>>> print(open('query12.pdb').read())   # PDB, C-alpha atoms
MODEL        1
ATOM      1  CA  ILE T 105     -78.463  13.195 -16.410
ATOM      2  CA  THR T 106     -79.743  12.899 -19.986
ATOM      3  CA  LEU T 107     -78.229  14.990 -22.789
ATOM      4  CA  LYS T 108     -79.116  15.250 -26.473
ATOM      5  CA  SER T 109     -76.495  15.734 -29.144
ATOM      6  CA  ASP T 110     -76.705  17.403 -32.532
ATOM      7  CA  PHE T 111     -75.621  14.260 -34.379
ATOM      8  CA  SER T 112     -77.639  11.468 -32.753
ATOM      9  CA  GLU T 113     -81.332  10.781 -32.347
ATOM     10  CA  GLU T 114     -80.541   8.677 -29.288
ATOM     11  CA  PRO T 115     -79.904  10.618 -26.066
ATOM     12  CA  PHE T 116     -76.850  10.033 -23.911
ATOM     13  CA  ASN T 117     -77.047   9.227 -20.196
ATOM     14  CA  LEU T 118     -74.470  10.503 -17.737
ATOM     15  CA  PHE T 119     -73.945   8.593 -14.500
ATOM     16  CA  VAL T 120     -72.252  10.667 -11.780
ATOM     17  CA  ARG T 121     -70.338   9.509  -8.697
ATOM     18  CA  LEU T 122     -69.333  12.267  -6.278
ATOM     19  CA  PRO T 123     -66.469  11.961  -3.775
ATOM     20  CA  LYS T 124     -67.540  10.880  -0.298
ATOM     21  CA  ASN T 125     -66.899  14.276   1.317
ATOM     22  CA  TYR T 126     -68.004  16.391  -1.648
ATOM     23  CA  LEU T 127     -70.951  17.952   0.222
ATOM     24  CA  LYS T 128     -68.938  18.568   3.421
ATOM     25  CA  ASP T 129     -66.207  20.697   1.799
ATOM     26  CA  ASN T 130     -67.648  23.279  -0.591
ATOM     27  CA  THR T 131     -64.285  24.972  -1.158
ATOM     28  CA  ARG T 132     -62.549  22.124  -2.963
ATOM     29  CA  SER T 133     -62.664  21.535  -6.702
ATOM     30  CA  CYS T 134     -62.429  17.907  -7.775
ATOM     31  CA  PRO T 135     -60.673  16.206 -10.666
ATOM     32  CA  VAL T 136     -63.086  14.545 -13.098
ATOM     33  CA  ILE T 137     -62.795  11.175 -14.823
ATOM     34  CA  TYR T 138     -64.952  10.804 -17.937
ATOM     35  CA  LEU T 139     -65.555   7.088 -18.353
ATOM     36  CA  LEU T 140     -66.738   5.696 -21.684
ATOM     37  CA  ASP T 141     -69.153   2.747 -21.820
ATOM     38  CA  GLY T 142     -70.888   4.097 -18.740
ATOM     39  CA  ASN T 143     -73.691   1.526 -19.017
ATOM     40  CA  ALA T 144     -71.190  -1.305 -18.641
ATOM     41  CA  TYR T 145     -68.381   0.014 -16.427
ATOM     42  CA  PHE T 146     -69.702   2.842 -14.258
ATOM     43  CA  ASP T 147     -70.771   0.785 -11.215
ATOM     44  CA  ALA T 148     -67.538  -1.230 -11.104
ATOM     45  CA  VAL T 149     -65.295   1.834 -11.453
ATOM     46  CA  ALA T 150     -67.321   3.900  -8.955
ATOM     47  CA  ASN T 151     -67.230   1.045  -6.393
ATOM     48  CA  SER T 152     -63.487   0.605  -6.916
ATOM     49  CA  ALA T 153     -62.928   4.320  -6.319
ATOM     50  CA  ASP T 154     -65.066   4.199  -3.157
ATOM     51  CA  ASN T 155     -63.076   1.240  -1.815
ATOM     52  CA  TYR T 156     -59.710   2.766  -2.748
ATOM     53  CA  PHE T 157     -60.355   6.104  -1.060
ATOM     54  CA  LYS T 158     -61.900   4.423   1.996
ATOM     55  CA  LYS T 159     -58.645   2.469   2.500
ATOM     56  CA  LYS T 160     -56.444   5.458   1.682
ATOM     57  CA  LYS T 161     -58.196   7.658   4.273
ATOM     58  CA  LYS T 162     -57.244  10.751   2.275
ATOM     59  CA  ASP T 163     -59.725  12.240  -0.105
ATOM     60  CA  PHE T 164     -57.978  15.329  -1.458
ATOM     61  CA  ASP T 165     -57.656  13.756  -4.914
ATOM     62  CA  ASP T 166     -60.897  11.734  -4.867
ATOM     63  CA  PRO T 167     -62.448  12.377  -8.303
ATOM     64  CA  ILE T 168     -65.897  12.948  -9.634
ATOM     65  CA  ILE T 169     -66.560  10.050 -12.006
ATOM     66  CA  VAL T 170     -68.837  10.644 -14.985
ATOM     67  CA  GLY T 171     -69.928   7.566 -16.928
ATOM     68  CA  ILE T 172     -70.995   8.441 -20.469
ATOM     69  CA  GLY T 173     -73.542   5.915 -21.649
ATOM     70  CA  TYR T 174     -76.653   5.403 -23.663
ATOM     71  CA  GLU T 175     -80.318   5.478 -22.786
ATOM     72  CA  ASN T 176     -80.737   1.948 -24.072
ATOM     73  CA  ALA T 177     -77.976  -0.504 -23.142
ATOM     74  CA  TYR T 178     -79.286  -2.998 -25.716
ATOM     75  CA  VAL T 179     -78.237  -0.795 -28.642
ATOM     76  CA  MET T 180     -75.004   0.262 -26.955
ATOM     77  CA  ASP T 181     -72.748  -1.942 -29.124
ATOM     78  CA  SER T 182     -73.804  -0.448 -32.439
ATOM     79  CA  LEU T 183     -73.834   3.107 -31.065
ATOM     80  CA  ARG T 184     -70.360   2.779 -29.576
ATOM     81  CA  ASP T 185     -69.158   1.509 -32.983
ATOM     82  CA  ARG T 186     -70.505   4.744 -34.420
ATOM     83  CA  ASP T 187     -69.266   7.074 -31.671
ATOM     84  CA  TYR T 188     -65.869   5.660 -30.715
ATOM     85  CA  THR T 189     -64.426   5.342 -34.222
ATOM     86  CA  PHE T 190     -62.891   7.717 -36.739
ATOM     87  CA  PRO T 191     -62.635   7.651 -39.707
ATOM     88  CA  LYS T 192     -65.400   5.529 -41.202
ATOM     89  CA  ALA T 193     -64.526   1.825 -41.020
ATOM     90  CA  LEU T 194     -62.904  -0.039 -43.862
ATOM     91  CA  ALA T 195     -64.885  -2.953 -45.286
ATOM     92  CA  VAL T 196     -62.501  -5.394 -43.568
ATOM     93  CA  ASP T 197     -63.496  -3.930 -40.166
ATOM     94  CA  SER T 198     -67.111  -5.128 -40.687
ATOM     95  CA  PHE T 199     -68.863  -2.283 -38.843
ATOM     96  CA  ARG T 200     -72.473  -1.534 -39.753
ATOM     97  CA  ILE T 201     -72.140   2.113 -38.660
ATOM     98  CA  SER T 202     -68.921   3.923 -37.784
ATOM     99  CA  GLY T 203     -66.741   6.957 -38.118
ATOM    100  CA  GLN T 204     -68.467   9.625 -36.023
ATOM    101  CA  GLY T 205     -65.798   9.882 -33.329
ATOM    102  CA  ASP T 206     -65.138  13.474 -34.367
ATOM    103  CA  LYS T 207     -68.765  14.398 -33.653
ATOM    104  CA  PHE T 208     -68.750  12.469 -30.371
ATOM    105  CA  TYR T 209     -65.529  14.229 -29.286
ATOM    106  CA  ASP T 210     -67.101  17.612 -30.089
ATOM    107  CA  PHE T 211     -70.223  16.595 -28.114
ATOM    108  CA  ILE T 212     -68.146  15.719 -25.046
ATOM    109  CA  LYS T 213     -66.177  18.951 -25.368
ATOM    110  CA  SER T 214     -69.132  21.276 -26.032
ATOM    111  CA  LYS T 215     -72.012  19.646 -24.094
ATOM    112  CA  VAL T 216     -70.899  17.026 -21.554
ATOM    113  CA  ILE T 217     -67.979  18.864 -19.953
ATOM    114  CA  PRO T 218     -69.800  22.242 -19.709
ATOM    115  CA  ALA T 219     -72.836  20.491 -18.168
ATOM    116  CA  ILE T 220     -70.696  18.787 -15.517
ATOM    117  CA  ASP T 221     -68.655  21.961 -14.887
ATOM    118  CA  SER T 222     -71.870  23.947 -14.342
ATOM    119  CA  MET T 223     -73.406  21.412 -11.920
ATOM    120  CA  TYR T 224     -70.366  20.467  -9.828
ATOM    121  CA  ARG T 225     -67.162  21.990  -8.448
ATOM    122  CA  THR T 226     -64.679  20.625 -10.965
ATOM    123  CA  ASP T 227     -60.948  21.121 -11.393
ATOM    124  CA  LYS T 228     -60.945  22.326 -14.995
ATOM    125  CA  ASN T 229     -57.213  21.619 -15.285
ATOM    126  CA  ASN T 230     -57.461  17.990 -14.195
ATOM    127  CA  ARG T 231     -59.754  16.019 -16.505
ATOM    128  CA  THR T 232     -59.232  12.384 -17.445
ATOM    129  CA  ILE T 233     -60.858  10.355 -20.199
ATOM    130  CA  ALA T 234     -60.877   6.557 -19.846
ATOM    131  CA  GLY T 235     -62.061   3.757 -22.092
ATOM    132  CA  HIS T 236     -61.653   0.086 -22.962
ATOM    133  CA  SER T 237     -61.320  -1.606 -26.384
ATOM    134  CA  LEU T 238     -63.068   0.716 -28.858
ATOM    135  CA  GLY T 239     -63.408   3.101 -25.920
ATOM    136  CA  GLY T 240     -59.608   2.891 -25.592
ATOM    137  CA  TYR T 241     -59.331   3.679 -29.301
ATOM    138  CA  PHE T 242     -61.494   6.759 -28.736
ATOM    139  CA  VAL T 243     -59.252   7.804 -25.821
ATOM    140  CA  LEU T 244     -56.242   7.675 -28.172
ATOM    141  CA  TYR T 245     -58.257   9.509 -30.844
ATOM    142  CA  SER T 246     -59.004  12.225 -28.233
ATOM    143  CA  MET T 247     -55.303  12.440 -27.422
ATOM    144  CA  ALA T 248     -54.457  12.740 -31.129
ATOM    145  CA  ARG T 249     -57.024  15.538 -31.489
ATOM    146  CA  GLN T 250     -55.563  17.297 -28.498
ATOM    147  CA  LEU T 251     -52.095  17.224 -30.062
ATOM    148  CA  LYS T 252     -53.562  19.497 -32.765
ATOM    149  CA  ASP T 253     -56.360  21.371 -30.958
ATOM    150  CA  PRO T 254     -56.606  23.211 -27.627
ATOM    151  CA  PRO T 255     -56.348  20.837 -24.628
ATOM    152  CA  VAL T 256     -59.446  19.349 -23.049
ATOM    153  CA  PHE T 257     -58.006  16.468 -20.995
ATOM    154  CA  LYS T 258     -54.875  16.188 -18.886
ATOM    155  CA  ASN T 259     -54.919  12.396 -18.529
ATOM    156  CA  PHE T 260     -55.742   9.572 -20.924
ATOM    157  CA  ILE T 261     -56.433   5.969 -19.874
ATOM    158  CA  ALA T 262     -56.635   3.545 -22.803
ATOM    159  CA  VAL T 263     -57.290  -0.045 -21.723
ATOM    160  CA  SER T 264     -56.564  -2.563 -24.488
ATOM    161  CA  PRO T 265     -57.351  -0.032 -27.231
ATOM    162  CA  SER T 266     -58.454  -1.373 -30.608
ATOM    163  CA  ILE T 267     -55.501   0.163 -32.436
ATOM    164  CA  TYR T 268     -55.963  -2.261 -35.329
ATOM    165  CA  TYR T 269     -59.035  -0.247 -36.413
ATOM    166  CA  HIS T 270     -58.899   1.219 -39.924
ATOM    167  CA  ASP T 271     -55.504  -0.306 -40.672
ATOM    168  CA  LYS T 272     -53.879   1.342 -37.604
ATOM    169  CA  TYR T 273     -55.088   4.804 -38.625
ATOM    170  CA  LEU T 274     -54.374   6.421 -35.249
ATOM    171  CA  ILE T 275     -50.748   5.335 -35.054
ATOM    172  CA  ILE T 276     -50.111   6.791 -38.506
ATOM    173  CA  ASP T 277     -52.039   9.973 -37.655
ATOM    174  CA  ILE T 278     -50.034  10.574 -34.463
ATOM    175  CA  GLU T 279     -46.749   9.882 -36.248
ATOM    176  CA  ARG T 280     -47.664  12.476 -38.915
ATOM    177  CA  THR T 281     -48.338  15.203 -36.334
ATOM    178  CA  PRO T 282     -45.420  17.659 -36.552
ATOM    179  CA  ALA T 283     -43.221  17.600 -33.469
ATOM    180  CA  TYR T 284     -43.875  21.260 -32.697
ATOM    181  CA  GLN T 285     -47.579  20.503 -32.345
ATOM    182  CA  LYS T 286     -47.030  17.715 -29.839
ATOM    183  CA  ASP T 287     -47.425  19.313 -26.424
ATOM    184  CA  ILE T 288     -46.485  16.040 -24.755
ATOM    185  CA  GLU T 289     -45.359  17.630 -21.492
ATOM    186  CA  ASN T 290     -49.029  18.216 -20.667
ATOM    187  CA  VAL T 291     -50.195  14.736 -21.664
ATOM    188  CA  ASN T 292     -50.300  11.771 -19.288
ATOM    189  CA  LEU T 293     -51.102   8.480 -21.006
ATOM    190  CA  TYR T 294     -51.743   5.212 -19.205
ATOM    191  CA  LEU T 295     -52.003   2.425 -21.767
ATOM    192  CA  THR T 296     -52.542  -1.272 -21.157
ATOM    193  CA  ILE T 297     -52.479  -4.025 -23.712
ATOM    194  CA  GLY T 298     -53.348  -7.639 -23.024
ATOM    195  CA  GLU T 299     -55.076 -10.719 -24.326
TER     196      GLU T 299
ENDMDL
END
>>> encode(input="query12.pdb", output="structure tokens")
Amino acid sequence: ITLKSDFSEEPFNLFVRLPKNYLKDNTRSCPVIYLLDGNAYFDAVANSADNYFKKKKKDFDDPIIVGIGYENAYVMDSLRDRDYTFPKALAVDSFRISGQGDKFYDFIKSKVIPAIDSMYRTDKNNRTIAGHSLGGYFVLYSMARQLKDPPVFKNFIAVSPSIYYHDKYLIIDIERTPAYQKDIENVNLYLTIGE
């Protein structure tokens, strides 16, 4: 699926993996995992899900997986620098383009999710966003936004997030969020950090 955004000349590609029995049971809504860096990670994650649910022999929680990627994988690195970061990078971060994570978040919320919800039977109360490195940073940015705005995702998977970005901006931003705005009972965060 190809979608255009209001902030980028380059279109975004969505790669979709449906649960094995999706077409057999038209009464069930499925959880959805939105996977960043779809060009790089979609096949591996989709294959892992297929193998996991084949061994489990239960598919009631088998998710729809949506990889969010770019039309051109060769320019993916610079575009992900632009889309997965907020605010604009400090000079020490050495990014050519950056800081449009707020626009990318709004694009996912206003274009990607409604498109997927209209095409497939989705569980609108069980959405996950997952990303690695700068994608992990964007996952934490999405969580920080959700602590202040209406919820979009139930689950957040941040794999080795680049929390160093912009002098640890996100950590400071989350710490500054007043406690009464932190609806942490409805937030599930899975965070890994490694070398």
>>> closest_residue(input="query12.pdb", among="T:Ile172, T:Ile267, T:Leu122, T:Ile217", to="Ala144 (chain T)", atoms="all atoms listed in the file")
T:Ile172
>>> residues_around(input="query12.pdb", residues="region 247-261 of chain T", least_positions_apart="5", cutoff="10 Å", atoms="all atoms listed in the file", output="NGL selection string")
:T and (136-139 or 206 or 209 or 212-213 or 217 or 228-236 or 239-242 or 274-275 or 277-279 or 281-296)
>>> residues_near_point(input="query12.pdb", point="(-68.2, 17.3, 0.7)", cutoff="12 Å", atoms="all atoms listed in the file", output="JSON, numbers by chain")
{"T": [122, 123, 124, 125, 126, 127, 128, 129, 130, 131, 132, 133, 134, 163, 164, 166, 167, 168, 224, 225]}
>>> residues_around(input="query12.pdb", residues="region 117-119 of chain T", least_positions_apart="2", cutoff="12 Å", atoms="all atoms listed in the file", output="number ranges by chain")
T: 105-109, 114-115, 121-122, 137-147, 149-150, 168-177, 180, 212, 215-217, 219-220
>>> atom_distance(input="query12.pdb", atom1="CA of Leu238 (chain T)", atom2="CA of Ser266 (chain T)")
5.4 Å
>>> closest_residue(input="query12.pdb", among="T:Val243, T:Phe116, T:Tyr268, T:Arg280", to="Asp197 (chain T)", atoms="all atoms listed in the file")
T:Tyr268
>>> residues_around(input="query12.pdb", residues="Leu194 (chain T)", least_positions_apart="5", cutoff="12 Å", atoms="all atoms listed in the file", output="list in words")
Thr189, Phe199, Arg200, Ile201, Ser202, Gly203, Tyr268, Tyr269, His270, Asp271, Lys272 and Tyr273 of chain T
>>> atom_distance(input="query12.pdb", atom1="CA of Glu113 (chain T)", atom2="CA of Pro265 (chain T)")
26.8 Å
>>> atom_distance(input="query12.pdb", atom1="CA of Phe208 (chain T)", atom2="CA of Asp187 (chain T)")
5.6 Å
>>> decode(input="query12.pdb", residues="region 122-271 of chain T", atoms="C-alpha atoms", output="PDB file, in the first residue's frame")
ATOM      1  CA  LEU T 122      -2.280 -10.904   7.924  1.00  0.00           C
ATOM      2  CA  PRO T 123      -2.758 -13.695  10.481  1.00  0.00           C
ATOM      3  CA  LYS T 124      -2.897 -17.180   8.984  1.00  0.00           C
ATOM      4  CA  ASN T 125      -6.622 -17.674   9.638  1.00  0.00           C
ATOM      5  CA  TYR T 126      -7.668 -14.075   8.979  1.00  0.00           C
ATOM      6  CA  LEU T 127      -9.810 -14.972   5.941  1.00  0.00           C
ATOM      7  CA  LYS T 128     -11.404 -18.017   7.631  1.00  0.00           C
ATOM      8  CA  ASP T 129     -12.833 -16.133  10.636  1.00  0.00           C
ATOM      9  CA  ASN T 130     -14.514 -12.881   9.607  1.00  0.00           C
ATOM     10  CA  THR T 131     -15.866 -12.204  13.101  1.00  0.00           C
ATOM     11  CA  ARG T 132     -12.553 -11.639  14.858  1.00  0.00           C
ATOM     12  CA  SER T 133     -10.773  -8.306  15.111  1.00  0.00           C
ATOM     13  CA  CYS T 134      -6.990  -8.501  15.255  1.00  0.00           C
ATOM     14  CA  PRO T 135      -4.404  -6.548  17.213  1.00  0.00           C
ATOM     15  CA  VAL T 136      -2.081  -4.513  14.985  1.00  0.00           C
ATOM     16  CA  ILE T 137       1.673  -4.020  15.269  1.00  0.00           C
ATOM     17  CA  TYR T 138       3.005  -0.959  13.440  1.00  0.00           C
ATOM     18  CA  LEU T 139       6.641  -1.698  12.677  1.00  0.00           C
ATOM     19  CA  LEU T 140       9.026   1.120  11.782  1.00  0.00           C
ATOM     20  CA  ASP T 141      11.812   0.583   9.232  1.00  0.00           C
ATOM     21  CA  GLY T 142       9.495  -1.663   7.256  1.00  0.00           C
ATOM     22  CA  ASN T 143      11.963  -1.900   4.359  1.00  0.00           C
ATOM     23  CA  ALA T 144      14.559  -3.468   6.641  1.00  0.00           C
ATOM     24  CA  TYR T 145      12.639  -5.455   9.266  1.00  0.00           C
ATOM     25  CA  PHE T 146       9.233  -6.418   7.882  1.00  0.00           C
ATOM     26  CA  ASP T 147      10.158  -9.812   6.379  1.00  0.00           C
ATOM     27  CA  ALA T 148      12.084 -10.955   9.462  1.00  0.00           C
ATOM     28  CA  VAL T 149       9.346  -9.905  11.899  1.00  0.00           C
ATOM     29  CA  ALA T 150       6.538 -11.339   9.736  1.00  0.00           C
ATOM     30  CA  ASN T 151       8.397 -14.678   9.391  1.00  0.00           C
ATOM     31  CA  SER T 152       9.051 -14.777  13.137  1.00  0.00           C
ATOM     32  CA  ALA T 153       5.357 -14.204  13.838  1.00  0.00           C
ATOM     33  CA  ASP T 154       4.396 -16.954  11.370  1.00  0.00           C
ATOM     34  CA  ASN T 155       6.788 -19.409  13.035  1.00  0.00           C
ATOM     35  CA  TYR T 156       5.712 -18.443  16.561  1.00  0.00           C
ATOM     36  CA  PHE T 157       1.994 -18.871  15.929  1.00  0.00           C
ATOM     37  CA  LYS T 158       2.553 -22.097  13.972  1.00  0.00           C
ATOM     38  CA  LYS T 159       4.292 -23.592  17.040  1.00  0.00           C
ATOM     39  CA  LYS T 160       1.777 -22.122  19.481  1.00  0.00           C
ATOM     40  CA  LYS T 161      -1.183 -23.632  17.588  1.00  0.00           C
ATOM     41  CA  LYS T 162      -3.431 -20.870  18.921  1.00  0.00           C
ATOM     42  CA  ASP T 163      -4.103 -17.858  16.797  1.00  0.00           C
ATOM     43  CA  PHE T 164      -6.545 -15.797  18.851  1.00  0.00           C
ATOM     44  CA  ASP T 165      -3.920 -13.101  19.453  1.00  0.00           C
ATOM     45  CA  ASP T 166      -2.085 -13.411  16.116  1.00  0.00           C
ATOM     46  CA  PRO T 167      -1.593  -9.792  14.981  1.00  0.00           C
ATOM     47  CA  ILE T 168      -1.760  -7.945  11.732  1.00  0.00           C
ATOM     48  CA  ILE T 169       1.743  -6.576  11.166  1.00  0.00           C
ATOM     49  CA  VAL T 170       2.118  -3.315   9.259  1.00  0.00           C
ATOM     50  CA  GLY T 171       5.642  -2.357   8.210  1.00  0.00           C
ATOM     51  CA  ILE T 172       5.957   1.377   7.580  1.00  0.00           C
ATOM     52  CA  GLY T 173       8.684   1.973   5.036  1.00  0.00           C
ATOM     53  CA  TYR T 174       9.771   4.071   2.135  1.00  0.00           C
ATOM     54  CA  GLU T 175       9.346   3.711  -1.593  1.00  0.00           C
ATOM     55  CA  ASN T 176      13.094   3.826  -2.069  1.00  0.00           C
ATOM     56  CA  ALA T 177      15.155   1.829   0.433  1.00  0.00           C
ATOM     57  CA  TYR T 178      18.331   3.595  -0.732  1.00  0.00           C
ATOM     58  CA  VAL T 179      17.229   6.929   0.747  1.00  0.00           C
ATOM     59  CA  MET T 180      15.736   5.300   3.835  1.00  0.00           C
ATOM     60  CA  ASP T 181      18.570   6.353   6.183  1.00  0.00           C
ATOM     61  CA  SER T 182      18.226  10.074   5.574  1.00  0.00           C
ATOM     62  CA  LEU T 183      14.417   9.938   5.598  1.00  0.00           C
ATOM     63  CA  ARG T 184      14.302   8.018   8.868  1.00  0.00           C
ATOM     64  CA  ASP T 185      16.641  10.661  10.355  1.00  0.00           C
ATOM     65  CA  ARG T 186      14.032  13.218   9.354  1.00  0.00           C
ATOM     66  CA  ASP T 187      10.952  11.243  10.421  1.00  0.00           C
ATOM     67  CA  TYR T 188      12.036   9.481  13.610  1.00  0.00           C
ATOM     68  CA  THR T 189      13.513  12.497  15.401  1.00  0.00           C
ATOM     69  CA  PHE T 190      12.122  15.444  17.328  1.00  0.00           C
ATOM     70  CA  PRO T 191      13.163  18.178  17.897  1.00  0.00           C
ATOM     71  CA  LYS T 192      15.607  19.226  15.194  1.00  0.00           C
ATOM     72  CA  ALA T 193      19.062  17.752  15.832  1.00  0.00           C
ATOM     73  CA  LEU T 194      21.784  19.623  17.642  1.00  0.00           C
ATOM     74  CA  ALA T 195      24.967  20.253  15.664  1.00  0.00           C
ATOM     75  CA  VAL T 196      26.752  17.567  17.709  1.00  0.00           C
ATOM     76  CA  ASP T 197      24.236  14.966  16.439  1.00  0.00           C
ATOM     77  CA  SER T 198      25.473  15.500  12.839  1.00  0.00           C
ATOM     78  CA  PHE T 199      22.149  14.900  11.062  1.00  0.00           C
ATOM     79  CA  ARG T 200      21.674  16.428   7.619  1.00  0.00           C
ATOM     80  CA  ILE T 201      17.878  16.542   8.038  1.00  0.00           C
ATOM     81  CA  SER T 202      15.939  15.920  11.241  1.00  0.00           C
ATOM     82  CA  GLY T 203      13.222  16.953  13.612  1.00  0.00           C
ATOM     83  CA  GLN T 204       9.984  16.058  11.824  1.00  0.00           C
ATOM     84  CA  GLY T 205       8.907  13.292  14.200  1.00  0.00           C
ATOM     85  CA  ASP T 206       5.867  15.349  15.168  1.00  0.00           C
ATOM     86  CA  LYS T 207       4.693  15.412  11.543  1.00  0.00           C
ATOM     87  CA  PHE T 208       5.439  11.707  11.098  1.00  0.00           C
ATOM     88  CA  TYR T 209       3.480  10.871  14.278  1.00  0.00           C
ATOM     89  CA  ASP T 210       0.520  12.908  12.994  1.00  0.00           C
ATOM     90  CA  PHE T 211       0.776  11.099   9.626  1.00  0.00           C
ATOM     91  CA  ILE T 212       0.635   7.686  11.310  1.00  0.00           C
ATOM     92  CA  LYS T 213      -2.277   8.799  13.481  1.00  0.00           C
ATOM     93  CA  SER T 214      -4.309  10.528  10.750  1.00  0.00           C
ATOM     94  CA  LYS T 215      -3.457   8.527   7.591  1.00  0.00           C
ATOM     95  CA  VAL T 216      -1.795   5.161   8.276  1.00  0.00           C
ATOM     96  CA  ILE T 217      -4.002   3.904  11.106  1.00  0.00           C
ATOM     97  CA  PRO T 218      -7.306   4.986   9.463  1.00  0.00           C
ATOM     98  CA  ALA T 219      -6.213   3.336   6.186  1.00  0.00           C
ATOM     99  CA  ILE T 220      -5.433   0.041   7.930  1.00  0.00           C
ATOM    100  CA  ASP T 221      -8.601   0.232  10.066  1.00  0.00           C
ATOM    101  CA  SER T 222     -10.714   0.748   6.928  1.00  0.00           C
ATOM    102  CA  MET T 223      -9.142  -2.162   5.002  1.00  0.00           C
ATOM    103  CA  TYR T 224      -8.880  -4.795   7.742  1.00  0.00           C
ATOM    104  CA  ARG T 225     -10.712  -5.982  10.860  1.00  0.00           C
ATOM    105  CA  THR T 226      -8.553  -4.358  13.517  1.00  0.00           C
ATOM    106  CA  ASP T 227      -8.812  -4.243  17.294  1.00  0.00           C
ATOM    107  CA  LYS T 228      -8.770  -0.473  17.752  1.00  0.00           C
ATOM    108  CA  ASN T 229      -7.939  -0.876  21.448  1.00  0.00           C
ATOM    109  CA  ASN T 230      -4.873  -3.043  20.880  1.00  0.00           C
ATOM    110  CA  ARG T 231      -2.296  -1.238  18.741  1.00  0.00           C
ATOM    111  CA  THR T 232       1.456  -1.594  19.154  1.00  0.00           C
ATOM    112  CA  ILE T 233       4.245   0.529  17.721  1.00  0.00           C
ATOM    113  CA  ALA T 234       7.716  -1.028  17.451  1.00  0.00           C
ATOM    114  CA  GLY T 235      11.076   0.316  16.358  1.00  0.00           C
ATOM    115  CA  HIS T 236      14.836  -0.104  16.650  1.00  0.00           C
ATOM    116  CA  SER T 237      17.562   2.520  17.252  1.00  0.00           C
ATOM    117  CA  LEU T 238      16.148   5.803  15.913  1.00  0.00           C
ATOM    118  CA  GLY T 239      12.926   3.858  15.395  1.00  0.00           C
ATOM    119  CA  GLY T 240      13.086   3.027  19.119  1.00  0.00           C
ATOM    120  CA  TYR T 241      13.563   6.731  19.836  1.00  0.00           C
ATOM    121  CA  PHE T 242      10.429   7.455  17.803  1.00  0.00           C
ATOM    122  CA  VAL T 243       8.527   4.789  19.775  1.00  0.00           C
ATOM    123  CA  LEU T 244       9.474   6.593  23.007  1.00  0.00           C
ATOM    124  CA  TYR T 245       8.582   9.935  21.397  1.00  0.00           C
ATOM    125  CA  SER T 246       5.147   8.453  20.529  1.00  0.00           C
ATOM    126  CA  MET T 247       4.745   7.319  24.128  1.00  0.00           C
ATOM    127  CA  ALA T 248       5.692  10.793  25.382  1.00  0.00           C
ATOM    128  CA  ARG T 249       3.121  12.344  23.030  1.00  0.00           C
ATOM    129  CA  GLN T 250       0.505   9.931  24.259  1.00  0.00           C
ATOM    130  CA  LEU T 251       1.150  10.959  27.865  1.00  0.00           C
ATOM    131  CA  LYS T 252      -0.137  14.408  26.826  1.00  0.00           C
ATOM    132  CA  ASP T 253      -2.551  13.652  23.961  1.00  0.00           C
ATOM    133  CA  PRO T 254      -5.385  11.151  23.464  1.00  0.00           C
ATOM    134  CA  PRO T 255      -4.121   7.537  23.264  1.00  0.00           C
ATOM    135  CA  VAL T 256      -3.290   5.945  19.936  1.00  0.00           C
ATOM    136  CA  PHE T 257      -1.216   2.912  20.983  1.00  0.00           C
ATOM    137  CA  LYS T 258      -1.586   0.467  23.848  1.00  0.00           C
ATOM    138  CA  ASN T 259       1.878  -1.090  23.553  1.00  0.00           C
ATOM    139  CA  PHE T 260       5.316   0.344  22.833  1.00  0.00           C
ATOM    140  CA  ILE T 261       8.362  -1.725  21.832  1.00  0.00           C
ATOM    141  CA  ALA T 262      11.609   0.264  21.808  1.00  0.00           C
ATOM    142  CA  VAL T 263      14.633  -1.832  20.840  1.00  0.00           C
ATOM    143  CA  SER T 264      17.931  -0.138  21.715  1.00  0.00           C
ATOM    144  CA  PRO T 265      16.426   3.350  21.371  1.00  0.00           C
ATOM    145  CA  SER T 266      18.780   6.218  20.563  1.00  0.00           C
ATOM    146  CA  ILE T 267      17.982   8.077  23.777  1.00  0.00           C
ATOM    147  CA  TYR T 268      21.211  10.063  23.492  1.00  0.00           C
ATOM    148  CA  TYR T 269      19.609  12.100  20.672  1.00  0.00           C
ATOM    149  CA  HIS T 270      19.378  15.853  21.266  1.00  0.00           C
ATOM    150  CA  ASP T 271      21.124  15.655  24.630  1.00  0.00           C
TER     151      ASP T 271
END
